[in-house]
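Colleague: See run_36.pdb below, with PDB, C-alpha atoms, pLDDT in the B column.
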```
ATOM      1  CA  THR N   1       5.928  11.799  22.729  1.00 51.00           C
ATOM      2  CA  GLU N   2       6.574  13.415  19.419  1.00 49.00           C
ATOM      3  CA  ASP N   3       4.545  11.952  16.588  1.00 49.00           C
ATOM      4  CA  LYS N   4       6.799  11.679  13.573  1.00 47.00           C
ATOM      5  CA  ASP N   5       4.940  11.045  10.367  1.00 48.00           C
ATOM      6  CA  THR N   6       7.621   9.582   8.130  1.00 47.00           C
ATOM      7  CA  ASN N   7       5.184   9.181   5.274  1.00 48.00           C
ATOM      8  CA  SER N   8       3.622  12.629   5.152  1.00 45.00           C
ATOM      9  CA  GLU N   9       4.105  12.961   1.406  1.00 48.00           C
ATOM     10  CA  PRO N  10       1.244  11.754  -0.752  1.00 49.00           C
ATOM     11  CA  THR N  11       1.852   8.520  -2.589  1.00 54.00           C
ATOM     12  CA  GLU N  12       1.791  10.297  -5.937  1.00 60.00           C
ATOM     13  CA  ASN N  13       5.293   9.075  -6.847  1.00 69.00           C
ATOM     14  CA  ALA N  14       4.386   5.507  -5.989  1.00 70.00           C
ATOM     15  CA  THR N  15       1.180   5.826  -7.976  1.00 73.00           C
ATOM     16  CA  THR N  16       3.053   7.305 -10.937  1.00 72.00           C
ATOM     17  CA  THR N  17       5.643   4.526 -10.724  1.00 79.00           C
ATOM     18  CA  ASP N  18       2.954   1.838 -10.604  1.00 87.00           C
ATOM     19  CA  ALA N  19       1.094   3.431 -13.508  1.00 88.00           C
ATOM     20  CA  SER N  20       4.287   3.739 -15.559  1.00 90.00           C
ATOM     21  CA  GLU N  21       5.195   0.132 -14.894  1.00 91.00           C
ATOM     22  CA  GLN N  22       1.696  -0.887 -15.980  1.00 93.00           C
ATOM     23  CA  VAL N  23       2.071   1.163 -19.192  1.00 91.00           C
ATOM     24  CA  ALA N  24       5.405  -0.562 -19.838  1.00 92.00           C
ATOM     25  CA  GLN N  25       3.737  -3.948 -19.432  1.00 93.00           C
ATOM     26  CA  GLN N  26       0.840  -2.965 -21.707  1.00 92.00           C
ATOM     27  CA  ARG N  27       2.740  -1.102 -24.404  1.00 92.00           C
ATOM     28  CA  CYS N  28       6.353  -2.322 -24.296  1.00 94.00           C
ATOM     29  CA  ALA N  29       6.348  -5.930 -23.103  1.00 93.00           C
ATOM     30  CA  THR N  30       4.866  -7.368 -26.294  1.00 93.00           C
ATOM     31  CA  CYS N  31       8.069  -6.550 -28.184  1.00 94.00           C
ATOM     32  CA  HIS N  32      10.601  -6.080 -25.383  1.00 95.00           C
ATOM     33  CA  GLY N  33       9.601  -9.083 -23.235  1.00 95.00           C
ATOM     34  CA  GLY N  34       7.583  -9.533 -20.070  1.00 94.00           C
ATOM     35  CA  ASN N  35      10.528  -8.511 -17.909  1.00 94.00           C
ATOM     36  CA  LEU N  36      11.631  -5.948 -20.515  1.00 95.00           C
ATOM     37  CA  GLN N  37      14.681  -8.154 -21.062  1.00 97.00           C
ATOM     38  CA  GLY N  38      14.625  -7.729 -24.845  1.00 95.00           C
ATOM     39  CA  MET N  39      13.518 -10.284 -27.405  1.00 94.00           C
ATOM     40  CA  GLY N  40      15.018 -11.105 -30.774  1.00 91.00           C
ATOM     41  CA  ASN N  41      15.882  -7.805 -32.430  1.00 92.00           C
ATOM     42  CA  THR N  42      14.366  -5.621 -29.702  1.00 94.00           C
ATOM     43  CA  PRO N  43      16.684  -4.190 -27.049  1.00 95.00           C
ATOM     44  CA  ALA N  44      16.326  -4.770 -23.326  1.00 96.00           C
ATOM     45  CA  LEU N  45      14.580  -1.989 -21.436  1.00 96.00           C
ATOM     46  CA  ASN N  46      15.249  -3.355 -17.953  1.00 96.00           C
ATOM     47  CA  ASP N  47      18.575  -1.475 -17.962  1.00 97.00           C
ATOM     48  CA  VAL N  48      17.812   1.241 -20.523  1.00 97.00           C
ATOM     49  CA  GLY N  49      18.534   3.988 -17.981  1.00 97.00           C
ATOM     50  CA  SER N  50      22.193   2.970 -18.009  1.00 97.00           C
ATOM     51  CA  ARG N  51      22.360   3.688 -21.745  1.00 97.00           C
ATOM     52  CA  TYR N  52      20.057   6.664 -22.292  1.00 97.00           C
ATOM     53  CA  SER N  53      18.998   9.756 -20.365  1.00 98.00           C
ATOM     54  CA  GLU N  54      15.350  10.422 -19.548  1.00 98.00           C
ATOM     55  CA  GLU N  55      15.233  12.989 -22.360  1.00 98.00           C
ATOM     56  CA  GLU N  56      16.690  10.515 -24.879  1.00 98.00           C
ATOM     57  CA  ILE N  57      14.210   7.849 -23.795  1.00 98.00           C
ATOM     58  CA  LEU N  58      11.329  10.306 -24.176  1.00 98.00           C
ATOM     59  CA  ASP N  59      12.567  11.204 -27.666  1.00 98.00           C
ATOM     60  CA  ILE N  60      12.601   7.517 -28.632  1.00 97.00           C
ATOM     61  CA  ILE N  61       9.092   7.006 -27.218  1.00 97.00           C
ATOM     62  CA  VAL N  62       7.725  10.058 -29.040  1.00 97.00           C
ATOM     63  CA  ASN N  63       9.597   9.769 -32.350  1.00 98.00           C
ATOM     64  CA  GLY N  64      10.496   6.091 -32.548  1.00 97.00           C
ATOM     65  CA  GLN N  65      13.854   4.568 -33.357  1.00 96.00           C
ATOM     66  CA  GLY N  66      14.818   1.748 -35.658  1.00 94.00           C
ATOM     67  CA  ARG N  67      11.827  -0.565 -36.039  1.00 92.00           C
ATOM     68  CA  MET N  68       9.974   0.976 -33.108  1.00 94.00           C
ATOM     69  CA  PRO N  69       7.308   3.422 -34.243  1.00 95.00           C
ATOM     70  CA  GLY N  70       6.856   6.682 -32.400  1.00 96.00           C
ATOM     71  CA  GLY N  71       3.738   7.715 -30.576  1.00 95.00           C
ATOM     72  CA  LEU N  72       2.807   4.400 -28.974  1.00 95.00           C
ATOM     73  CA  VAL N  73       2.594   6.348 -25.702  1.00 96.00           C
ATOM     74  CA  LYS N  74       1.848  10.069 -25.711  1.00 96.00           C
ATOM     75  CA  GLY N  75       1.812  13.195 -23.560  1.00 96.00           C
ATOM     76  CA  GLU N  76       2.171  12.993 -19.793  1.00 95.00           C
ATOM     77  CA  GLU N  77       1.982   9.208 -19.946  1.00 95.00           C
ATOM     78  CA  ALA N  78       5.049   9.181 -22.236  1.00 96.00           C
ATOM     79  CA  GLU N  79       6.873  11.574 -19.902  1.00 96.00           C
ATOM     80  CA  ALA N  80       6.116   9.428 -16.853  1.00 95.00           C
ATOM     81  CA  LEU N  81       7.142   6.270 -18.730  1.00 96.00           C
ATOM     82  CA  ALA N  82      10.429   7.876 -19.807  1.00 97.00           C
ATOM     83  CA  ALA N  83      11.153   8.875 -16.199  1.00 96.00           C
ATOM     84  CA  TRP N  84      10.398   5.336 -14.978  1.00 95.00           C
ATOM     85  CA  LEU N  85      12.502   3.719 -17.722  1.00 96.00           C
ATOM     86  CA  ALA N  86      15.396   6.097 -16.940  1.00 97.00           C
ATOM     87  CA  GLU N  87      15.435   4.608 -13.426  1.00 96.00           C
ATOM     88  CA  GLN N  88      15.862   1.091 -14.841  1.00 95.00           C
ATOM     89  CA  GLN N  89      19.599   0.526 -14.665  1.00 95.00           C
TER      90      GLN N  89
END
```
What is this structure when it is put down as structure tokens?
Modeller:
Amino acid sequence: TEDKDTNSEPTENATTTDASEQVAQQRCATCHGGNLQGMGNTPALNDVGSRYSEEEILDIIVNGQGRMPGGLVKGEEAEALAAWLAEQQ
């Protein structure tokens, strides 16, 4: 029989996704809610990908917007978080 390995790719994407979700819980949930549903004057992030592109989200993370300060997450971590948030639609 032919052995088909359907999961031959490393789990890097899953690891990145898990890490990004953990960053969101650590850095975003305090203001945006535990489910990123938004709280008070802070917008929901659980559907942010339907409103902003990955690049726009990264710009907001890096530079801030409104009351949100920039630089709470930096570098590759910010890029991975932006990619993960862009998938939230």
Colleague: Using all atoms listed in the file, which residue out of N:Leu36, N:Ala83, N:Val48, N:Ile57 lies closest to Ala19 of chain N?
Modeller: N:Ala83
Colleague: Using all atoms listed in the file, determine which residues lie at most 12 Å from Ala14 of chain N, disregarding the query and same-chain residues fewer than 6 positions distant; provide the list as a PDB file with C-alpha atoms, in the frame of the given file.
Modeller:
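Output file around_36.pdb is given in full below:
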```
ATOM      1  CA  ASN N   7       5.184   9.181   5.274  1.00 48.00           C
ATOM      2  CA  SER N  20       4.287   3.739 -15.559  1.00 90.00           C
ATOM      3  CA  GLU N  21       5.195   0.132 -14.894  1.00 91.00           C
ATOM      4  CA  ALA N  80       6.116   9.428 -16.853  1.00 95.00           C
ATOM      5  CA  TRP N  84      10.398   5.336 -14.978  1.00 95.00           C
TER       6      TRP N  84
END
```
Colleague: Of the residues N:Met68, N:Ala78, N:Ile61, N:Leu85, which is the one nearest to Cys31 of chain N, using only C-alpha atoms?
Modeller: N:Met68
Colleague: Return as AutoDock Vina command-line options the centre and edge lengths, in Å with one decimal, of the box along x, y and z that encloses every atom of segment 73-82 of chain N in the file, padded by 3 Å per side.
Modeller:
```
--center_x 6.1 --center_y 9.7 --center_z -21.3 --size_x 14.6 --size_y 12.9 --size_z 14.9
```
Colleague: Skipping near chain neighbours, those fewer than 6 positions away, what residues fall within 12 Å of segment 37-43 of chain N using only C-alpha atoms, listed as a PDB file with C-alpha atoms, keeping the file's coordinate frame?
Modeller:
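Result file is part35.pdb:
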```pdb
ATOM      1  CA  GLN N  25       3.737  -3.948 -19.432  1.00 93.00           C
ATOM      2  CA  CYS N  28       6.353  -2.322 -24.296  1.00 94.00           C
ATOM      3  CA  ALA N  29       6.348  -5.930 -23.103  1.00 93.00           C
ATOM      4  CA  THR N  30       4.866  -7.368 -26.294  1.00 93.00           C
ATOM      5  CA  CYS N  31       8.069  -6.550 -28.184  1.00 94.00           C
ATOM      6  CA  ARG N  51      22.360   3.688 -21.745  1.00 97.00           C
ATOM      7  CA  GLN N  65      13.854   4.568 -33.357  1.00 96.00           C
ATOM      8  CA  GLY N  66      14.818   1.748 -35.658  1.00 94.00           C
ATOM      9  CA  ARG N  67      11.827  -0.565 -36.039  1.00 92.00           C
ATOM     10  CA  MET N  68       9.974   0.976 -33.108  1.00 94.00           C
ATOM     11  CA  GLN N  88      15.862   1.091 -14.841  1.00 95.00           C
ATOM     12  CA  GLN N  89      19.599   0.526 -14.665  1.00 95.00           C
TER      13      GLN N  89
END
```
Colleague: At what distance in Å, to one decimal, does atom CA of Ala86 of chain N lie from atom CA of Ile60 of chain N?
Modeller: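 Distance reported for this atom pair: 12.1 Å.
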Colleague: May I ask which of the residues N:Thr17, N:Gly34, N:Ser53, N:Arg27 is the closest one to Lys74 of chain N, counting all atoms listed in the file?
Modeller: N:Arg27
Colleague: For a quick check of understanding, using all atoms listed in the file, which of N:Leu45, N:Leu81, N:Val73, N:Leu58 has the smallest distance to Asp18 of chain N?
Modeller: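 Checking each of N:Leu45, N:Leu81, N:Val73, N:Leu58 against Asp18 of chain N, counting all atoms listed in the file, the winner is N:Leu81.
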Colleague: Can you tell me how far atom CA of Pro69 of chain N sits from atom CA of Thr16 of chain N, in Å to one decimal?
Modeller: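 Atom CA of Pro69 of chain N sits 24.0 Å away from atom CA of Thr16 of chain N.
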Colleague: Name the closest residue to Glu76 of chain N among the candidates N:Val62, N:Asn35, N:Gln26, N:Glu56; distances are taken between atoms, counting all atoms listed in the file.
Modeller: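 Result for the nearest residue to Glu76 of chain N: N:Val62.
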Colleague: How many Å lie between atom CA of Val23 of chain N and atom CA of Glu77 of chain N, rounded to one decimal?
Modeller: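 A separation of 8.1 Å between them.
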Colleague: Out of N:Ala82, N:Gly33, N:Ala44, N:Gln22, which residue has the shortest atom-to-atom distance to Asp59 of chain N when counting all atoms listed in the file?
Modeller: N:Ala82
